[in-house]
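S.K.: Next comes the structure file entry.cif, holding mmCIF, C-alpha atoms and all ligand atoms.
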data_target
loop_
_atom_site.label_atom_id
_atom_site.label_comp_id
_atom_site.auth_asym_id
_atom_site.auth_seq_id
_atom_site.Cartn_x
_atom_site.Cartn_y
_atom_site.Cartn_z
CA MET A 31 124.54 121.62 94.66
CA ALA A 32 121.78 120.55 92.28
CA SER A 33 118.97 118.75 94.07
CA LEU A 34 118.70 115.00 93.50
CA GLU A 35 115.29 114.00 92.29
CA LEU A 36 113.45 110.77 91.70
CA SER A 37 112.35 110.02 88.15
CA GLU A 38 109.25 111.72 86.80
CA LYS A 39 107.88 108.30 86.00
CA ILE A 40 107.99 107.08 89.57
CA GLN A 41 106.71 110.41 90.89
CA GLY A 42 103.69 109.94 88.66
CA ILE A 43 102.78 106.69 90.43
CA ALA A 44 100.13 107.08 93.11
CA PRO A 45 100.91 105.65 96.51
CA SER A 46 98.50 102.90 97.46
CA ALA A 47 95.67 104.18 99.63
CA THR A 48 94.93 100.54 100.45
CA LEU A 49 98.33 100.18 102.07
CA ALA A 50 97.90 103.44 103.95
CA LEU A 51 94.52 102.27 105.21
CA ASN A 52 95.93 98.89 106.16
CA ALA A 53 98.71 100.59 108.09
CA LYS A 54 96.20 102.72 109.98
CA ALA A 55 94.04 99.66 110.75
CA LYS A 56 97.11 97.75 111.99
CA ASP A 57 98.11 100.70 114.13
CA MET A 58 94.67 100.75 115.73
CA LYS A 59 94.83 96.98 116.28
CA ALA A 60 98.22 97.33 117.96
CA LYS A 61 96.59 99.81 120.35
CA GLY A 62 94.09 97.11 121.32
CA ILE A 63 91.18 98.39 119.18
CA ASP A 64 88.99 95.64 117.71
CA VAL A 65 89.28 96.52 114.02
CA LEU A 66 87.34 94.46 111.47
CA ASN A 67 89.56 94.24 108.40
CA PHE A 68 87.84 93.94 105.02
CA ALA A 69 90.64 95.60 103.10
CA VAL A 70 92.77 92.60 102.24
CA GLY A 71 92.41 90.86 98.88
CA GLU A 72 93.41 87.36 99.89
CA PRO A 73 91.63 84.20 101.01
CA ASP A 74 91.62 83.67 104.77
CA PHE A 75 92.02 79.90 104.27
CA ASN A 76 95.31 78.07 104.62
CA THR A 77 97.05 76.57 101.59
CA PRO A 78 95.75 72.96 101.26
CA GLU A 79 97.93 70.27 102.84
CA ASN A 80 98.78 68.40 99.61
CA ILE A 81 100.17 71.63 98.14
CA LYS A 82 102.21 72.46 101.24
CA ASP A 83 103.57 68.88 101.21
CA ALA A 84 104.71 69.31 97.60
CA GLY A 85 106.59 72.46 98.66
CA LYS A 86 108.21 70.66 101.60
CA LYS A 87 109.22 67.78 99.35
CA ALA A 88 110.79 70.20 96.87
CA ILE A 89 112.99 71.55 99.65
CA ASP A 90 113.93 68.06 100.85
CA ASP A 91 114.74 67.07 97.27
CA ASN A 92 117.03 70.12 97.04
CA PHE A 93 114.93 71.58 94.27
CA THR A 94 116.34 74.95 95.21
CA ARG A 95 118.28 76.16 92.19
CA TYR A 96 117.55 78.45 89.26
CA THR A 97 114.94 77.09 86.87
CA PRO A 98 114.25 78.22 83.28
CA ALA A 99 113.05 81.86 83.47
CA THR A 100 109.63 80.98 82.09
CA GLY A 101 109.08 78.08 84.48
CA ILE A 102 109.82 74.37 84.88
CA PRO A 103 108.77 72.29 81.85
CA GLU A 104 106.35 70.03 83.80
CA LEU A 105 104.48 73.07 85.19
CA ARG A 106 104.23 74.79 81.80
CA LYS A 107 102.94 71.52 80.36
CA ALA A 108 100.34 71.18 83.13
CA ILE A 109 99.21 74.78 82.58
CA ALA A 110 98.87 74.26 78.83
CA ALA A 111 96.76 71.15 79.57
CA LYS A 112 94.64 73.17 82.02
CA PHE A 113 93.99 75.90 79.42
CA GLN A 114 92.98 73.24 76.90
CA LYS A 115 90.72 71.24 79.20
CA GLU A 116 89.07 73.96 81.25
CA ASN A 117 89.16 76.99 78.96
CA GLY A 118 89.10 75.48 75.49
CA VAL A 119 92.23 77.41 74.49
CA THR A 120 95.15 75.68 72.78
CA TYR A 121 98.60 76.86 73.86
CA SER A 122 101.80 74.95 73.26
CA ASP A 123 104.07 74.59 76.31
CA SER A 124 106.34 77.28 74.86
CA GLU A 125 103.42 79.73 74.87
CA ILE A 126 103.13 79.49 78.66
CA VAL A 127 105.04 81.80 80.99
CA VAL A 128 105.22 81.21 84.75
CA GLY A 129 106.07 84.24 86.88
CA SER A 130 106.25 85.42 90.49
CA GLY A 131 102.52 86.10 90.69
CA GLY A 132 100.09 87.61 88.23
CA LYS A 133 101.42 91.10 88.91
CA PRO A 134 104.82 90.89 87.17
CA LEU A 135 103.20 88.98 84.29
CA LEU A 136 100.60 91.68 83.75
CA TYR A 137 103.29 94.32 83.84
CA GLY A 138 105.51 92.25 81.52
CA ALA A 139 102.62 91.92 79.08
CA LEU A 140 102.09 95.68 79.04
CA VAL A 141 105.81 96.33 78.55
CA ALA A 142 105.83 93.80 75.72
CA LEU A 143 102.86 95.38 73.95
CA CYS A 144 103.01 99.15 74.54
CA ASN A 145 105.05 101.79 72.78
CA PRO A 146 105.19 105.20 74.49
CA GLY A 147 101.84 106.93 74.05
CA ASP A 148 99.91 103.80 73.10
CA GLU A 149 96.44 103.75 74.61
CA VAL A 150 95.24 101.00 76.89
CA VAL A 151 91.48 100.83 77.37
CA LEU A 152 90.67 100.04 80.97
CA PRO A 153 87.11 99.36 82.07
CA ALA A 154 86.23 100.95 85.43
CA PRO A 155 85.81 100.05 88.20
CA TYR A 156 89.31 98.62 87.76
CA TRP A 157 91.81 96.86 89.97
CA VAL A 158 94.07 99.62 91.21
CA SER A 159 97.39 98.20 90.00
CA TYR A 160 96.45 98.20 86.30
CA ILE A 161 96.48 101.93 86.00
CA GLU A 162 99.93 102.30 87.55
CA MET A 163 101.30 99.40 85.50
CA ILE A 164 100.05 101.01 82.29
CA LYS A 165 101.80 104.26 83.20
CA LEU A 166 105.02 102.44 84.15
CA ALA A 167 104.91 100.71 80.76
CA ASP A 168 104.65 104.15 79.07
CA GLY A 169 101.08 103.49 77.98
CA VAL A 170 98.17 105.88 78.43
CA PRO A 171 95.18 104.58 80.40
CA VAL A 172 91.83 105.32 78.74
CA ILE A 173 89.00 104.65 81.15
CA ALA A 174 85.73 103.11 79.96
CA ASN A 175 83.10 103.28 82.69
CA ALA A 176 80.85 100.29 83.37
CA ARG A 177 77.53 101.36 84.84
CA GLU A 178 76.09 100.23 88.13
CA GLU A 179 72.69 99.87 86.37
CA ASP A 180 74.37 97.22 84.20
CA GLU A 181 75.66 95.45 87.31
CA PHE A 182 79.08 96.86 86.44
CA GLU A 183 79.30 94.68 83.33
CA ILE A 184 81.23 96.62 80.73
CA LYS A 185 79.47 96.97 77.36
CA ALA A 186 81.20 96.62 74.01
CA SER A 187 79.50 99.87 72.94
CA THR A 188 81.16 101.72 75.85
CA ILE A 189 84.51 100.34 74.81
CA GLU A 190 83.93 101.14 71.15
CA ALA A 191 83.45 104.80 72.02
CA LYS A 192 86.96 104.86 73.51
CA ILE A 193 88.78 103.34 70.54
CA THR A 194 91.21 105.60 68.64
CA PRO A 195 94.01 104.88 66.15
CA LYS A 196 96.32 104.73 69.21
CA THR A 197 94.40 101.94 70.94
CA LYS A 198 96.84 99.08 71.44
CA VAL A 199 95.41 96.98 74.26
CA ILE A 200 92.27 96.45 76.30
CA ILE A 201 92.42 94.95 79.77
CA LEU A 202 89.52 92.69 80.74
CA ASN A 203 89.09 91.34 84.25
CA SER A 204 86.21 88.93 84.68
CA PRO A 205 85.27 88.07 87.41
CA SER A 206 86.29 91.53 88.52
CA ASN A 207 88.19 92.94 91.41
CA PRO A 208 86.61 95.17 92.87
CA THR A 209 83.00 94.58 91.76
CA GLY A 210 82.80 90.80 91.32
CA ALA A 211 81.07 91.50 87.99
CA VAL A 212 81.25 88.88 85.26
CA ILE A 213 81.19 89.92 81.60
CA PRO A 214 78.65 87.71 79.77
CA GLU A 215 79.94 85.58 76.90
CA GLU A 216 77.81 87.48 74.39
CA GLU A 217 79.43 90.79 75.38
CA LEU A 218 82.92 89.24 75.36
CA ARG A 219 82.30 88.14 71.78
CA LYS A 220 81.38 91.69 70.78
CA ILE A 221 84.48 93.08 72.52
CA ALA A 222 86.64 90.48 70.77
CA ASP A 223 85.09 91.52 67.42
CA LEU A 224 86.20 95.09 68.16
CA ALA A 225 89.74 93.89 68.90
CA VAL A 226 89.89 92.10 65.56
CA LYS A 227 88.26 94.93 63.62
CA HIS A 228 90.45 97.68 65.11
CA ASN A 229 93.52 95.47 65.51
CA PHE A 230 94.41 95.68 69.17
CA TYR A 231 95.46 93.20 71.86
CA ILE A 232 93.42 91.86 74.77
CA ILE A 233 94.90 91.19 78.19
CA SER A 234 92.38 88.94 79.92
CA ASP A 235 92.97 88.72 83.66
CA GLU A 236 91.14 85.56 84.74
CA MET A 237 92.59 85.40 88.24
CA TYR A 238 89.15 84.85 89.84
CA GLU A 239 87.98 82.29 87.29
CA LYS A 240 87.29 79.59 89.89
CA LEU A 241 85.37 81.91 92.19
CA LEU A 242 82.25 82.11 90.08
CA TYR A 243 78.90 81.65 91.83
CA ASP A 244 76.63 81.67 88.82
CA GLY A 245 77.30 80.02 85.46
CA LYS A 246 80.50 78.82 83.84
CA HIS A 247 83.68 80.78 83.16
CA PHE A 248 84.27 81.81 79.56
CA SER A 249 87.77 82.60 78.28
CA VAL A 250 87.86 85.23 75.56
CA ALA A 251 90.81 83.49 73.85
CA SER A 252 88.57 80.48 73.16
CA ILE A 253 86.47 82.48 70.67
CA SER A 254 88.65 81.94 67.58
CA GLU A 255 92.22 81.54 66.38
CA ASP A 256 92.31 85.23 65.49
CA VAL A 257 91.23 86.24 69.00
CA ARG A 258 93.63 83.78 70.64
CA ASN A 259 96.46 85.25 68.60
CA ARG A 260 95.88 88.72 70.05
CA THR A 261 95.09 87.70 73.64
CA VAL A 262 97.26 87.29 76.72
CA THR A 263 95.36 85.14 79.23
CA VAL A 264 96.63 85.73 82.77
CA ASN A 265 95.82 83.50 85.71
CA GLY A 266 97.50 82.22 88.86
CA VAL A 267 97.26 80.12 91.99
CA SER A 268 97.04 82.93 94.58
CA LYS A 269 93.28 83.26 94.87
CA THR A 270 92.13 79.81 93.73
CA TYR A 271 94.35 77.77 96.05
CA ALA A 272 94.89 80.26 98.90
CA MET A 273 98.53 80.65 97.84
CA THR A 274 99.01 84.43 97.84
CA GLY A 275 102.37 84.30 99.59
CA TRP A 276 103.87 81.62 97.34
CA ARG A 277 103.93 84.06 94.41
CA ILE A 278 103.08 82.02 91.35
CA GLY A 279 101.12 83.32 88.39
CA TYR A 280 101.00 82.16 84.78
CA LEU A 281 99.90 83.25 81.36
CA GLY A 282 99.24 81.90 77.90
CA ALA A 283 100.03 84.07 74.89
CA PRO A 284 100.90 83.70 71.20
CA LYS A 285 104.56 82.66 70.85
CA PRO A 286 106.13 86.03 69.95
CA VAL A 287 104.35 87.71 72.89
CA ALA A 288 105.17 84.88 75.32
CA ASP A 289 108.82 84.99 74.20
CA ALA A 290 108.97 88.76 74.71
CA ILE A 291 107.47 88.55 78.20
CA GLY A 292 109.83 85.69 79.07
CA ASN A 293 112.78 87.71 77.85
CA PHE A 294 111.70 90.72 79.93
CA LEU A 295 111.19 88.62 83.08
CA SER A 296 114.51 86.82 82.63
CA HIS A 297 116.29 90.13 83.18
CA ILE A 298 114.03 91.61 85.82
CA ASN A 299 113.06 88.69 87.99
CA GLY A 300 114.65 85.50 86.73
CA ASN A 301 112.56 82.44 87.46
CA ALA A 302 109.69 82.26 89.91
CA ASN A 303 110.58 80.51 93.17
CA SER A 304 111.52 76.89 92.40
CA ILE A 305 109.81 75.44 95.48
CA ALA A 306 106.62 77.37 94.83
CA GLN A 307 106.60 76.11 91.24
CA LYS A 308 106.52 72.52 92.51
CA ALA A 309 103.71 73.44 94.90
CA ALA A 310 101.80 75.11 92.03
CA LEU A 311 102.21 71.94 89.97
CA GLU A 312 100.50 69.98 92.74
CA ALA A 313 97.82 72.67 93.02
CA ILE A 314 96.95 72.46 89.33
CA THR A 315 97.27 68.69 88.84
CA GLY A 316 96.26 67.39 92.30
CA PRO A 317 92.80 66.96 93.88
CA GLN A 318 90.53 70.00 93.49
CA ASP A 319 88.05 69.39 96.35
CA GLU A 320 89.53 72.15 98.53
CA VAL A 321 88.79 74.69 95.78
CA ALA A 322 85.14 73.64 95.81
CA ARG A 323 85.00 73.74 99.60
CA MET A 324 86.44 77.27 99.76
CA LYS A 325 84.07 78.44 97.04
CA GLU A 326 81.02 77.13 98.93
CA GLU A 327 82.17 78.96 102.03
CA PHE A 328 82.61 82.19 100.02
CA ARG A 329 79.16 81.72 98.51
CA LYS A 330 77.50 81.59 101.96
CA ARG A 331 79.36 84.69 103.11
CA LEU A 332 78.43 86.55 99.95
CA SER A 333 74.70 85.96 100.46
CA ARG A 334 74.84 86.96 104.10
CA PHE A 335 76.92 90.07 103.46
CA VAL A 336 74.81 91.40 100.58
CA GLU A 337 71.60 90.77 102.49
CA GLY A 338 72.98 92.50 105.58
CA LEU A 339 74.35 95.50 103.71
CA ASN A 340 71.02 96.10 101.99
CA GLU A 341 69.34 96.14 105.40
CA VAL A 342 71.37 99.21 106.36
CA LYS A 343 69.41 102.32 105.43
CA GLY A 344 71.26 104.30 102.77
CA ILE A 345 73.47 101.45 101.49
CA LYS A 346 72.73 99.79 98.16
CA CYS A 347 74.59 96.62 97.26
CA LEU A 348 74.42 94.53 94.09
CA LYS A 349 74.96 90.79 94.40
CA PRO A 350 78.24 90.05 92.56
CA LYS A 351 78.57 86.90 90.49
CA GLY A 352 82.21 86.18 91.27
CA ALA A 353 85.47 86.88 93.19
CA PHE A 354 85.33 87.65 96.94
CA TYR A 355 84.42 91.32 97.06
CA VAL A 356 81.23 93.31 97.50
CA TYR A 357 81.08 96.86 96.23
CA PRO A 358 78.19 98.66 97.95
CA ASN A 359 77.12 102.18 97.07
CA PHE A 360 77.34 104.48 100.11
CA SER A 361 76.29 107.72 98.41
CA GLY A 362 72.91 107.61 100.18
CA LEU A 363 74.87 108.23 103.39
CA PHE A 364 77.03 111.10 102.15
CA LYS A 365 76.26 114.18 104.19
CA GLY A 366 78.05 116.99 106.04
CA ASP A 367 81.80 116.47 105.76
CA ILE A 368 81.43 113.00 104.34
CA THR A 369 81.20 113.71 100.65
CA ASP A 370 83.18 110.94 98.98
CA SER A 371 84.37 107.35 99.30
CA ALA A 372 87.71 108.22 100.93
CA LYS A 373 86.03 110.28 103.65
CA MET A 374 83.44 107.55 104.15
CA ALA A 375 86.15 104.85 104.47
CA ASN A 376 87.88 107.00 107.04
CA HIS A 377 84.61 107.54 108.91
CA LEU A 378 83.98 103.76 108.97
CA LEU A 379 87.45 103.13 110.33
CA GLU A 380 87.35 105.81 112.99
CA LYS A 381 83.76 105.46 114.17
CA ALA A 382 82.98 101.77 113.64
CA HIS A 383 86.50 100.32 113.43
CA ILE A 384 85.74 98.84 110.02
CA ALA A 385 88.60 98.87 107.49
CA ALA A 386 87.51 98.76 103.83
CA VAL A 387 88.86 100.34 100.65
CA PRO A 388 87.36 103.52 99.14
CA GLY A 389 86.01 103.25 95.60
CA ALA A 390 88.24 106.16 94.58
CA GLU A 391 91.02 103.56 94.39
CA PHE A 392 89.08 101.73 91.70
CA GLY A 393 87.77 104.64 89.70
CA THR A 394 84.36 105.33 91.30
CA ASN A 395 83.65 107.65 94.15
CA GLU A 396 80.42 106.42 95.71
CA HIS A 397 81.44 102.90 96.67
CA ILE A 398 83.46 101.03 99.26
CA ARG A 399 85.07 97.68 98.55
CA PHE A 400 84.75 94.99 101.21
CA SER A 401 86.59 91.70 100.84
CA TYR A 402 84.58 88.85 102.37
CA ALA A 403 87.62 86.63 102.63
CA THR A 404 86.95 86.82 106.33
CA SER A 405 84.85 84.87 108.84
CA MET A 406 81.05 84.89 109.01
CA GLU A 407 81.27 86.29 112.57
CA THR A 408 83.28 89.25 111.26
CA ILE A 409 80.65 89.86 108.57
CA ASP A 410 77.81 89.72 111.11
CA GLU A 411 79.67 92.08 113.43
CA CYS A 412 80.28 94.47 110.55
CA ILE A 413 76.57 94.63 109.69
CA LYS A 414 75.75 95.19 113.36
CA ARG A 415 78.22 98.07 113.59
CA LEU A 416 76.97 99.64 110.34
CA LYS A 417 73.40 99.51 111.62
CA GLU A 418 74.48 101.15 114.87
CA LEU A 419 76.46 103.83 113.03
CA PHE A 420 73.82 104.75 110.47
CA GLY A 421 70.60 103.47 112.11
N1 LIG B 1 94.67 90.49 89.10
C1 LIG B 1 93.71 90.83 89.97
C2 LIG B 1 92.41 91.30 89.43
C3 LIG B 1 93.96 90.79 91.34
O1 LIG B 1 93.00 91.15 92.20
C4 LIG B 1 95.23 90.38 91.80
C5 LIG B 1 95.55 90.39 93.23
O2 LIG B 1 95.02 91.09 94.03
C6 LIG B 1 96.18 90.01 90.85
C7 LIG B 1 95.87 90.09 89.51
C8 LIG B 1 97.56 89.58 91.21
O3 LIG B 1 97.63 88.46 92.00
P1 LIG B 1 99.03 87.74 92.25
O4 LIG B 1 100.12 88.67 91.92
O5 LIG B 1 99.00 87.34 93.70
O6 LIG B 1 99.03 86.53 91.35
#
Rewrite the structure of this file - the entire thing - as structure tokens.
M.R.:
Amino acid sequence: MASLELSEKIQGIAPSATLALNAKAKDMKAKGIDVLNFAVGEPDFNTPENIKDAGKKAIDDNFTRYTPATGIPELRKAIAAKFQKENGVTYSDSEIVVGSGGKPLLYGALVALCNPGDEVVLPAPYWVSYIEMIKLADGVPVIANAREEDEFEIKASTIEAKITPKTKVIILNSPSNPTGAVIPEEELRKIADLAVKHNFYIISDEMYEKLLYDGKHFSVASISEDVRNRTVTVNGVSKTYAMTGWRIGYLGAPKPVADAIGNFLSHINGNANSIAQKAALEAITGPQDEVARMKEEFRKRLSRFVEGLNEVKGIKCLKPKGAFYVYPNFSGLFKGDITDSAKMANHLLEKAHIAAVPGAEFGTNEHIRFSYATSMETIDECIKRLKELFG
């Protein structure tokens, strides 16, 4: 009998090392070991009460049926108003798509834009899912490395060197997961000029927009009509409002692109959860003081963590401008068997019971990503253990 095989496409997708690491950390925890977990990319805060109440009300009101695939009209309207007011980008309601988190929207955008073999320029360090999404959408990832000396801010000149006649899309993610780097407005303008000159799309993932500790967020689509018309701006409520489990993301895109993504999602996913859409409406239109409170807490943790990491001999850590990750360089501590980020992450887990994600997942091999969406005590304990391990 001929052997039954999985598709080549799915076999080409790397299993998530983050999940494997998480599983190992959980296993150790179950055995009673005090593991400090810095691997997870989600706020440790609870969803604010007013948002939870809106979800409860939606259930009580029996708002539990299918909605339009691209989202309920009042939410799309509120999102269009948000883009206008906060980002200076004009989208009509019909250019907004609501989905079950940013993930399916990013994938939908890539499916909508890529023909087989089209190149997608991806600045590294990159969020791990982009690369697999590009491959699933039959695109070809072309990595453009941001340099640590430039605080991991990608330069237009680095991107320009990667452009070919096959370049179809560039993915920008500012503030960045994993580095927390923020691309300055001046550089974004140069990158946008390249997109216009060489005629390619921009997918701008602005998921961490509200977690910015220095300066004001700048949306690339606000540059000009021409740039707006080739940009998909992706955002969501997961990180900003501590709503990771509710699964609501949204995007703004020129009408033909928004329609194509909506069409794709209507077959694959249908609408995003109706109750969560009502909660997201409250998140976006209701009081914003909880967002500010969470940000101030993150800011304090960031300062403490970076300071502490730099006190450990052999670790070098930049101070990120946004998101809730630090991305220290551990190469000063590579020796013996520990020659790369994966081995270092394993060493940290086994010897100091610290779970964090190796840089190899994000396209660099000397770094470890720590999420500081965790308590100050956990951060202090982590620094203490690192000093003991490497002191
Ligand atoms: N984009 C970035 C850069 C992220 O870090 C994440 C989540 O980790 C997402 C998108 C997707 O978030 P969600 O699907 O929860 O909206």
S.K.: So which one's closest to A:Arg415, A:Ile81, A:Val356, A:Val65, A:Val158? Using only C-alpha atoms, please.
M.R.: A:Val65
S.K.: Write out as CSV the residues of chain A that have any atom within 10 Å of an atom of ligand LIG 1 (chain B), one row each with the nearest atom pair and its distance in Å to one decimal, counting only C-alpha atoms and all ligand atoms, sorted by chain and then rising number.
M.R.:
residue,atom,partner,partner_atom,distance
A:Val70,CA,B:LIG1,O2,8.6
A:Gly71,CA,B:LIG1,O2,5.5
A:Glu72,CA,B:LIG1,O2,7.1
A:Gly129,CA,B:LIG1,O6,8.6
A:Ser130,CA,B:LIG1,O4,7.1
A:Gly131,CA,B:LIG1,O6,3.6
A:Gly132,CA,B:LIG1,O6,3.5
A:Lys133,CA,B:LIG1,O4,4.1
A:Pro134,CA,B:LIG1,O4,7.0
A:Leu135,CA,B:LIG1,O4,8.2
A:Leu136,CA,B:LIG1,C7,7.6
A:Tyr156,CA,B:LIG1,C2,8.1
A:Trp157,CA,B:LIG1,C2,5.6
A:Val158,CA,B:LIG1,O1,8.6
A:Ser159,CA,B:LIG1,N1,8.2
A:Tyr160,CA,B:LIG1,N1,8.4
A:Leu202,CA,B:LIG1,C2,9.3
A:Asn203,CA,B:LIG1,C2,6.2
A:Ser204,CA,B:LIG1,C2,8.2
A:Pro205,CA,B:LIG1,C2,8.1
A:Ser206,CA,B:LIG1,C2,6.2
A:Asn207,CA,B:LIG1,C2,4.9
A:Pro208,CA,B:LIG1,O1,7.6
A:Gly210,CA,B:LIG1,C2,9.8
A:Ser234,CA,B:LIG1,N1,9.6
A:Asp235,CA,B:LIG1,N1,6.0
A:Glu236,CA,B:LIG1,N1,7.5
A:Met237,CA,B:LIG1,N1,5.6
A:Tyr238,CA,B:LIG1,C2,7.2
A:Val264,CA,B:LIG1,C7,8.1
A:Asn265,CA,B:LIG1,O6,7.2
A:Gly266,CA,B:LIG1,O6,5.2
A:Val267,CA,B:LIG1,O6,6.7
A:Ser268,CA,B:LIG1,O5,4.9
A:Lys269,CA,B:LIG1,O5,7.1
A:Thr270,CA,B:LIG1,O6,9.9
A:Ala272,CA,B:LIG1,O5,9.7
A:Met273,CA,B:LIG1,O5,7.9
A:Thr274,CA,B:LIG1,O5,5.1
A:Gly275,CA,B:LIG1,O5,7.4
A:Trp276,CA,B:LIG1,O5,8.3
A:Arg277,CA,B:LIG1,O5,6.0
A:Ile278,CA,B:LIG1,O6,6.1
A:Gly279,CA,B:LIG1,O6,4.8
A:Tyr280,CA,B:LIG1,O6,8.1
A:Ala353,CA,B:LIG1,O1,8.7
A:Phe354,CA,B:LIG1,O1,9.7
A:Tyr355,CA,B:LIG1,O1,9.9
S.K.: For a test of reading the model, state the distance in Å between atom CA of A:Phe420 and atom CA of A:Val336, rounded to one decimal.
M.R.: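 These atoms are spaced 16.6 Å apart.
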S.K.: I'd like to know which of A:Thr408, A:Asn229, A:Thr209, A:Thr394 is closest to A:Asp256, using only C-alpha atoms.
M.R.: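 Of A:Thr408, A:Asn229, A:Thr209, A:Thr394, the one nearest A:Asp256 is A:Asn229, counting only C-alpha atoms.
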S.K.: Using all atoms listed in the file, find each residue of stretch 56-154 of chain A with at least one atom at most 12 Å away from an atom of stretch 363-377 of chain A; report its shortest atom-to-atom pair and that distance in Å (one decimal), sort the rows by chain and rising residue number, and return the result as a Markdown table.
M.R.:
| residue | atom | partner | partner_atom | distance |
| --- | --- | --- | --- | --- |
| A:Asn67 | CA | A:Ala375 | CA | 11.8 |
| A:Phe68 | CA | A:Ala375 | CA | 11.1 |
| A:Ala69 | CA | A:Ala375 | CA | 10.4 |
S.K.: With all atoms listed in the file as the counted atoms, please give the residues lying no more than 12 Å from A:Lys330, apart from itself and same-chain residues fewer than 2 positions off, as an NGL selection string.
M.R.: :A and (243 or 323-328 or 332-337 or 354 or 402-406 or 409)
S.K.: What's the separation between atom CA of A:Thr100 and atom CA of A:Val127, in Å to one decimal place?
M.R.: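 Going from atom CA of A:Thr100 over to atom CA of A:Val127 covers 4.8 Å.
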S.K.: Out of A:Cys144, A:Ile221, A:Ile213, A:Ala290, which residue has the shortest atom-to-atom distance to A:Ala167 when counting all atoms listed in the file?
M.R.: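 Of A:Cys144, A:Ile221, A:Ile213, A:Ala290, the one nearest A:Ala167, counting all atoms listed in the file, is A:Cys144.
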S.K.: Excluding same-chain residues fewer than 3 positions from A:Ser249, what lies within 10 Å of it counting only C-alpha atoms, as number ranges by chain?
M.R.: A: 113, 116-119, 204, 215, 218, 234-236, 239, 246, 252-253, 258, 263
S.K.: With 12 Å as the threshold, what does the neighbourhood of (106.0, 80.4, 81.0) contain in terms of residues, counting all atoms listed in the file? Coordinates are those of the file; answer as a ChimeraX atom specification.
M.R.: /A:97-110,121-132,135,138,262-266,278-285,287-296,300-302,307
S.K.: Save the residues we just selected, C-alpha atoms, as a tab-separated table (two decimals), in the coordinates of the input?
M.R.:
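Okay, this is what ended up in part.tsv:
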chain	number	residue	atom	x	y	z
A	97	THR	CA	114.94	77.09	86.87
A	98	PRO	CA	114.25	78.22	83.28
A	99	ALA	CA	113.05	81.86	83.47
A	100	THR	CA	109.63	80.98	82.09
A	101	GLY	CA	109.08	78.08	84.48
A	102	ILE	CA	109.82	74.37	84.88
A	103	PRO	CA	108.77	72.29	81.85
A	104	GLU	CA	106.35	70.03	83.80
A	105	LEU	CA	104.48	73.07	85.19
A	106	ARG	CA	104.23	74.79	81.80
A	107	LYS	CA	102.94	71.52	80.36
A	108	ALA	CA	100.34	71.18	83.13
A	109	ILE	CA	99.21	74.78	82.58
A	110	ALA	CA	98.87	74.26	78.83
A	121	TYR	CA	98.60	76.86	73.86
A	122	SER	CA	101.80	74.95	73.26
A	123	ASP	CA	104.07	74.59	76.31
A	124	SER	CA	106.34	77.28	74.86
A	125	GLU	CA	103.42	79.73	74.87
A	126	ILE	CA	103.13	79.49	78.66
A	127	VAL	CA	105.04	81.80	80.99
A	128	VAL	CA	105.22	81.21	84.75
A	129	GLY	CA	106.07	84.24	86.88
A	130	SER	CA	106.25	85.42	90.49
A	131	GLY	CA	102.52	86.10	90.69
A	132	GLY	CA	100.09	87.61	88.23
A	135	LEU	CA	103.20	88.98	84.29
A	138	GLY	CA	105.51	92.25	81.52
A	262	VAL	CA	97.26	87.29	76.72
A	263	THR	CA	95.36	85.14	79.23
A	264	VAL	CA	96.63	85.73	82.77
A	265	ASN	CA	95.82	83.50	85.71
A	266	GLY	CA	97.50	82.22	88.86
A	278	ILE	CA	103.08	82.02	91.35
A	279	GLY	CA	101.12	83.32	88.39
A	280	TYR	CA	101.00	82.16	84.78
A	281	LEU	CA	99.90	83.25	81.36
A	282	GLY	CA	99.24	81.90	77.90
A	283	ALA	CA	100.03	84.07	74.89
A	284	PRO	CA	100.90	83.70	71.20
A	285	LYS	CA	104.56	82.66	70.85
A	287	VAL	CA	104.35	87.71	72.89
A	288	ALA	CA	105.17	84.88	75.32
A	289	ASP	CA	108.82	84.99	74.20
A	290	ALA	CA	108.97	88.76	74.71
A	291	ILE	CA	107.47	88.55	78.20
A	292	GLY	CA	109.83	85.69	79.07
A	293	ASN	CA	112.78	87.71	77.85
A	294	PHE	CA	111.70	90.72	79.93
A	295	LEU	CA	111.19	88.62	83.08
A	296	SER	CA	114.51	86.82	82.63
A	300	GLY	CA	114.65	85.50	86.73
A	301	ASN	CA	112.56	82.44	87.46
A	302	ALA	CA	109.69	82.26	89.91
A	307	GLN	CA	106.60	76.11	91.24
S.K.: Between atom CA of A:Lys417 and atom CA of A:Val342, what distance in Å does the model show, to one decimal?
M.R.: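 Atom-to-atom, atom CA of A:Lys417 and atom CA of A:Val342 are spaced 5.6 Å apart.
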S.K.: Calculated over all atoms listed in the file, which of the candidates A:Ile305, A:Ala154, A:Val170, A:Ile201 has the smallest distance to A:Asn395?
M.R.: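 Closest residue, counting all atoms listed in the file: A:Ala154.
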